Amino acid sequence: MTPRDLPEDPRRRVRELATLYEIARALLGARDQAQAASRIVYSGMGAMGVRSGAMFATDERGRCRLLHAAGLPEVDPGASLLLPAAAREWVLRHGAFALGPASARVLGPIRDTFTGRWDAAFGAAVADAHGLAALLVFGPRLLSSGDDDETLAVLESLAGLAGQALQAYPASADRPAERRAARSIESLRERHPALRAMIGSAAALLETSEDLLAVAPTRFPVLLTGESGSGKELAARAIHELSERTAGPLEVADCASIPRELIESELFGHVRGSFTGAHRDRRGAFELAHRGTLFLDEIGEMPLQLQTRLLRVLQEGRFRRVGDEQVIEVDVRVIAATNRDLRAEVQRRRFREDLYYRLNVFAVRVPALRERLEDLPALVNHFLARQGRDLGVREWRLEPGVIPALERHAWPGNVRELSNFCAGLGVRARASGRIGVDDLEQVWRRQHPGEPAPWAATAAAARGRVGDWALEQARASRFNLIEAARLLKRKQRGGQRVPLTERSALSYYLTGEILRALAESGGDPDVAARRVAGDEDSVARVAGRVRKICEALREANGEGEPLRRRFSKLPAGYEDYLRRAAKLAAR
């Protein structure tokens, strides 16, 4: 008899026990309380299907110190809060609880803190022999069609495991030097060789590596986000090698490159005669990945009809080959990757909302190369060393101006573009092993015919590239500059290099980009709005800004002093665009 054949309550209990077993296995590899807390939070989010989670360690005075948080936009690692005595007694008495109106009468303002600052909808007390040892809080369920009783049952059991973990593992390093050493990416690679394929030491890469380590031991799906060429497949391989499935297969299916009429067969297989050209039975990627990992690259390209079937397989672990009646059961961990904004795709009805939430429990962002330009020297040396082995070059010598020149490029193709560029450099300089700026120029001309090299640009054009970057940040936040500035400040606090973080500065550069679009579109505000927006869904958000700038240009009537006064905060490098746009507006 299988769990599916059992009555409803036993079936639910079997699911709970299977979930707790997986969480306990994930906890076995933890080294200290901080790592245990990370795995408890991530596992709890996956088990309950909620959007956020946090774990606090408590002391006898009721002070709660944050151990780990996930799914929250901005969190201070040293955050703490005070839990009054009456609230401590209440949470200990209730165990697991919903943070609804009933809890507000007892918890008072602390309940508002949990629901507001920590996005909490559920909580649980982690008890030991002395009382309240820790507190777990989790956000709302991603899908509204859930069962509160089942969620609270899982949460109460999770709190029991958390209590044992706190006693079993030593306290995390408290001294700053020890914390810095523990967070060093070199130390992570030393303990976890699977991370060595991800070259660099930037803060953004460290954050991604820590997320991979936290997610890998769980059994739940993972969604990798990031631009094309940023290294999402490397991240997927690291998750597989860091997991307990490393002895099993890793299958890769690129949803963008497989023809739509064949993708179902590629994933689920087919039997002979099921369609024209099916001359023999064939196993699909899910069957080949049994007891291993399946990496679905560019999942945003998957047809809607197939998304429905994928969701069912993720939920039930069983499927049929195309044209077959026999049910095949598999044990597969799915890692999906996309360079699209899947939330926007859901709103456009091009991606199923329930599948998005199923995959988005654990979302790990792989940073773009321009966000970690300090890793350029290490990446260039890595790629050239690989080229040297193939070309018979023992040592490469880079002239002093090479790396600064490469840092002036935005690398829209990310690490993949840099790898291809280094391959061209290796072929050109293999005779001498010496690479200079002239070699960069030659390779650039071959790979980008007719385009000026970015390192040969004028200072004004270099400042204009900050405008390109600022426009990318505005687009990423759907032109909500307050949100964009908040995310940039968070990156800066994490150690990433960003050109600017103030909303006002972003607004000035966005004005410059609008002026450039007006100048290059012949003064047509509709064309300019589309150019700045980048996609049709954002045109309406940009059009209002474009109209205001057009009105200001018309009011100045091309006159020098009123024009300079109106656009006094315009960044350098946009003066020519301002003059051209003003002339067009004055016609």
# chains A, B, ... in the order shown; residues from 1 in each chain; ligands from 1
>>> select_by_dssp(residues="stretch 147-296 of chain A", states="strand (DSSP E or B)", output="number ranges by chain")
A: 222-225, 250-254, 270, 282, 292-296
>>> residues_around(residues="stretch 437-451 of chain A", least_positions_apart="5", cutoff="12 Å", atoms="only C-alpha atoms", output="MDAnalysis selection string")
chainID A and resid 398:406 409 417:418 420:430 432 456:457
>>> select_by_dssp(residues="stretch 247-318 of chain A", states="alpha helix (DSSP H)", output="list in words")
Ile263, Glu264, Ser265, Glu266, Leu267, Phe268, Ala285, Phe286, Glu287, Leu288, Leu304, Gln305, Leu306, Gln307, Thr308, Arg309, Leu310, Leu311, Arg312, Val313, Leu314, Gln315 and Glu316 of chain A
>>> closest_residue(among="A:Leu379, A:Leu132, A:Val364, A:Ala337", to="A:Ala214", atoms="only C-alpha atoms")
A:Val364
>>> residues_around(residues="A:Ala134", least_positions_apart="3", cutoff="6 Å", atoms="only C-alpha atoms", output="list in words")
Phe56, Ala57, Thr58 and Val126 of chain A
>>> residues_around(residues="stretch 352-359 of chain A", least_positions_apart="6", cutoff="7 Å", atoms="only C-alpha atoms", output="MDAnalysis selection string")
chainID A and resid 142 221:223 304 307 311 346
>>> write_last_selection(atoms="N, CA and C atoms", output="PDB file, in the first residue's frame")
ATOM      1  N   LEU A 142       2.580  30.890   0.211  1.00  0.00           N
ATOM      2  CA  LEU A 142       2.613  31.438  -1.144  1.00  0.00           C
ATOM      3  C   LEU A 142       1.315  31.154  -1.878  1.00  0.00           C
ATOM      4  N   PRO A 221      12.724  22.136  -4.554  1.00  0.00           N
ATOM      5  CA  PRO A 221      13.189  22.772  -5.790  1.00  0.00           C
ATOM      6  C   PRO A 221      13.907  24.087  -5.505  1.00  0.00           C
ATOM      7  N   VAL A 222      14.752  24.506  -6.440  1.00  0.00           N
ATOM      8  CA  VAL A 222      15.493  25.761  -6.329  1.00  0.00           C
ATOM      9  C   VAL A 222      15.302  26.534  -7.629  1.00  0.00           C
ATOM     10  N   LEU A 223      15.132  27.851  -7.512  1.00  0.00           N
ATOM     11  CA  LEU A 223      15.041  28.716  -8.683  1.00  0.00           C
ATOM     12  C   LEU A 223      16.276  29.611  -8.720  1.00  0.00           C
ATOM     13  N   LEU A 304       3.018  26.826 -21.733  1.00  0.00           N
ATOM     14  CA  LEU A 304       2.083  26.803 -20.612  1.00  0.00           C
ATOM     15  C   LEU A 304       1.511  25.410 -20.359  1.00  0.00           C
ATOM     16  N   GLN A 307       3.887  23.380 -18.518  1.00  0.00           N
ATOM     17  CA  GLN A 307       4.065  23.846 -17.141  1.00  0.00           C
ATOM     18  C   GLN A 307       3.079  23.143 -16.209  1.00  0.00           C
ATOM     19  N   LEU A 311       4.216  20.875 -12.997  1.00  0.00           N
ATOM     20  CA  LEU A 311       3.748  21.109 -11.634  1.00  0.00           C
ATOM     21  C   LEU A 311       3.228  19.826 -11.006  1.00  0.00           C
ATOM     22  N   VAL A 346       4.113  35.891 -14.910  1.00  0.00           N
ATOM     23  CA  VAL A 346       2.850  35.442 -14.314  1.00  0.00           C
ATOM     24  C   VAL A 346       1.762  36.471 -14.565  1.00  0.00           C
TER      25      VAL A 346
END
>>> closest_residue(among="A:Gly317, A:Pro109, A:Pro259, A:Pro499", to="A:His290", atoms="only C-alpha atoms")
A:Gly317
>>> closest_residue(among="A:Asn339, A:Val542, A:Ala528, A:Arg587", to="A:Arg554", atoms="only C-alpha atoms")
A:Arg587
>>> residues_around(residues="A:Glu316", least_positions_apart="2", cutoff="12 Å", atoms="only C-alpha atoms", output="MDAnalysis selection string")
chainID A and resid 3:4 15 309:314 318:320 327:332
>>> residues_around(residues="A:Val498", least_positions_apart="6", cutoff="9 Å", atoms="only C-alpha atoms", output="list of chain:residue names")
A:Glu371, A:Leu488, A:Lys489, A:Lys491, A:Gln492
>>> decode(residues="stretch 117-162 of chain A", atoms="N, CA and C atoms", output="compact mmCIF listing (two decimals), in the first residue's frame")
# COMPACT_ATOMS: atom_id res chain seq x y z
N ARG A 117 7.65 44.11 10.38
CA ARG A 117 9.08 44.10 10.06
C ARG A 117 9.55 42.74 9.57
N TRP A 118 8.97 41.65 10.13
CA TRP A 118 9.47 40.31 9.82
C TRP A 118 8.51 39.51 8.94
N ASP A 119 7.47 40.14 8.40
CA ASP A 119 6.58 39.50 7.42
C ASP A 119 5.98 38.20 7.95
N ALA A 120 5.75 38.12 9.26
CA ALA A 120 5.38 36.84 9.88
C ALA A 120 3.87 36.62 9.88
N ALA A 121 3.49 35.38 9.61
CA ALA A 121 2.10 34.94 9.73
C ALA A 121 1.98 33.79 10.72
N PHE A 122 3.10 33.06 10.95
CA PHE A 122 3.13 31.93 11.87
C PHE A 122 4.37 32.02 12.74
N GLY A 123 4.30 31.47 13.93
CA GLY A 123 5.46 31.45 14.82
C GLY A 123 5.47 30.17 15.62
N ALA A 124 6.63 29.89 16.25
CA ALA A 124 6.75 28.70 17.08
C ALA A 124 7.83 28.92 18.12
N ALA A 125 7.58 28.42 19.32
CA ALA A 125 8.56 28.47 20.40
C ALA A 125 9.49 27.27 20.30
N VAL A 126 10.78 27.53 20.46
CA VAL A 126 11.78 26.47 20.53
C VAL A 126 12.21 26.39 21.99
N ALA A 127 11.83 25.34 22.67
CA ALA A 127 12.01 25.25 24.11
C ALA A 127 13.17 24.33 24.48
N ASP A 128 13.77 24.60 25.65
CA ASP A 128 14.72 23.67 26.25
C ASP A 128 14.40 23.54 27.73
N ALA A 129 15.29 22.94 28.50
CA ALA A 129 15.01 22.69 29.91
C ALA A 129 14.86 23.98 30.72
N HIS A 130 15.39 25.07 30.20
CA HIS A 130 15.35 26.33 30.94
C HIS A 130 14.23 27.26 30.49
N GLY A 131 13.49 26.88 29.47
CA GLY A 131 12.41 27.74 28.98
C GLY A 131 12.52 27.98 27.50
N LEU A 132 12.35 29.24 27.08
CA LEU A 132 12.37 29.61 25.67
C LEU A 132 13.81 29.78 25.19
N ALA A 133 14.25 28.90 24.30
CA ALA A 133 15.62 28.95 23.78
C ALA A 133 15.70 29.73 22.47
N ALA A 134 14.65 29.68 21.69
CA ALA A 134 14.67 30.35 20.39
C ALA A 134 13.23 30.56 19.93
N LEU A 135 13.10 31.34 18.88
CA LEU A 135 11.79 31.63 18.32
C LEU A 135 11.88 31.55 16.80
N LEU A 136 10.92 30.86 16.21
CA LEU A 136 10.82 30.76 14.75
C LEU A 136 9.61 31.57 14.29
N VAL A 137 9.78 32.36 13.23
CA VAL A 137 8.64 33.04 12.60
C VAL A 137 8.72 32.82 11.09
N PHE A 138 7.57 32.60 10.48
CA PHE A 138 7.51 32.37 9.04
C PHE A 138 6.41 33.23 8.43
N GLY A 139 6.61 33.60 7.16
CA GLY A 139 5.67 34.46 6.46
C GLY A 139 4.44 33.72 5.97
N PRO A 140 3.57 34.43 5.27
CA PRO A 140 2.34 33.81 4.75
C PRO A 140 2.66 32.75 3.71
N ARG A 141 1.71 31.83 3.53
CA ARG A 141 1.86 30.81 2.50
C ARG A 141 1.81 31.46 1.13
N LEU A 142 2.58 30.89 0.21
CA LEU A 142 2.61 31.44 -1.14
C LEU A 142 1.31 31.15 -1.88
N LEU A 143 0.70 30.03 -1.59
CA LEU A 143 -0.60 29.70 -2.18
C LEU A 143 -1.65 29.74 -1.08
N SER A 144 -2.75 30.42 -1.34
CA SER A 144 -3.77 30.62 -0.31
C SER A 144 -4.55 29.35 0.02
N SER A 145 -4.51 28.36 -0.87
CA SER A 145 -5.30 27.14 -0.67
C SER A 145 -4.56 26.15 0.23
N GLY A 146 -4.15 26.60 1.41
CA GLY A 146 -3.42 25.74 2.33
C GLY A 146 -4.24 25.43 3.56
N ASP A 147 -3.68 24.59 4.43
CA ASP A 147 -4.34 24.14 5.63
C ASP A 147 -3.54 24.66 6.82
N ASP A 148 -4.13 25.56 7.62
CA ASP A 148 -3.43 26.12 8.77
C ASP A 148 -3.04 25.03 9.77
N ASP A 149 -3.94 24.08 10.00
CA ASP A 149 -3.65 23.02 10.97
C ASP A 149 -2.43 22.21 10.54
N GLU A 150 -2.35 21.88 9.25
CA GLU A 150 -1.21 21.11 8.76
C GLU A 150 0.07 21.94 8.86
N THR A 151 -0.03 23.25 8.53
CA THR A 151 1.14 24.13 8.63
C THR A 151 1.64 24.19 10.06
N LEU A 152 0.71 24.34 11.03
CA LEU A 152 1.12 24.44 12.43
C LEU A 152 1.67 23.12 12.95
N ALA A 153 1.16 22.00 12.45
CA ALA A 153 1.69 20.70 12.87
C ALA A 153 3.13 20.54 12.41
N VAL A 154 3.40 20.91 11.16
CA VAL A 154 4.78 20.84 10.65
C VAL A 154 5.67 21.80 11.42
N LEU A 155 5.16 23.00 11.70
CA LEU A 155 5.96 24.01 12.39
C LEU A 155 6.30 23.57 13.81
N GLU A 156 5.37 22.93 14.49
CA GLU A 156 5.64 22.47 15.86
C GLU A 156 6.72 21.38 15.86
N SER A 157 6.65 20.47 14.89
CA SER A 157 7.69 19.44 14.79
C SER A 157 9.03 20.05 14.41
N LEU A 158 9.00 21.05 13.52
CA LEU A 158 10.23 21.74 13.14
C LEU A 158 10.88 22.41 14.35
N ALA A 159 10.06 23.01 15.21
CA ALA A 159 10.58 23.65 16.41
C ALA A 159 11.26 22.63 17.33
N GLY A 160 10.70 21.41 17.38
CA GLY A 160 11.34 20.35 18.17
C GLY A 160 12.72 20.00 17.64
N LEU A 161 12.82 19.88 16.31
CA LEU A 161 14.14 19.61 15.70
C LEU A 161 15.09 20.77 15.95
N ALA A 162 14.57 22.00 15.89
CA ALA A 162 15.42 23.17 16.12
C ALA A 162 15.98 23.17 17.54
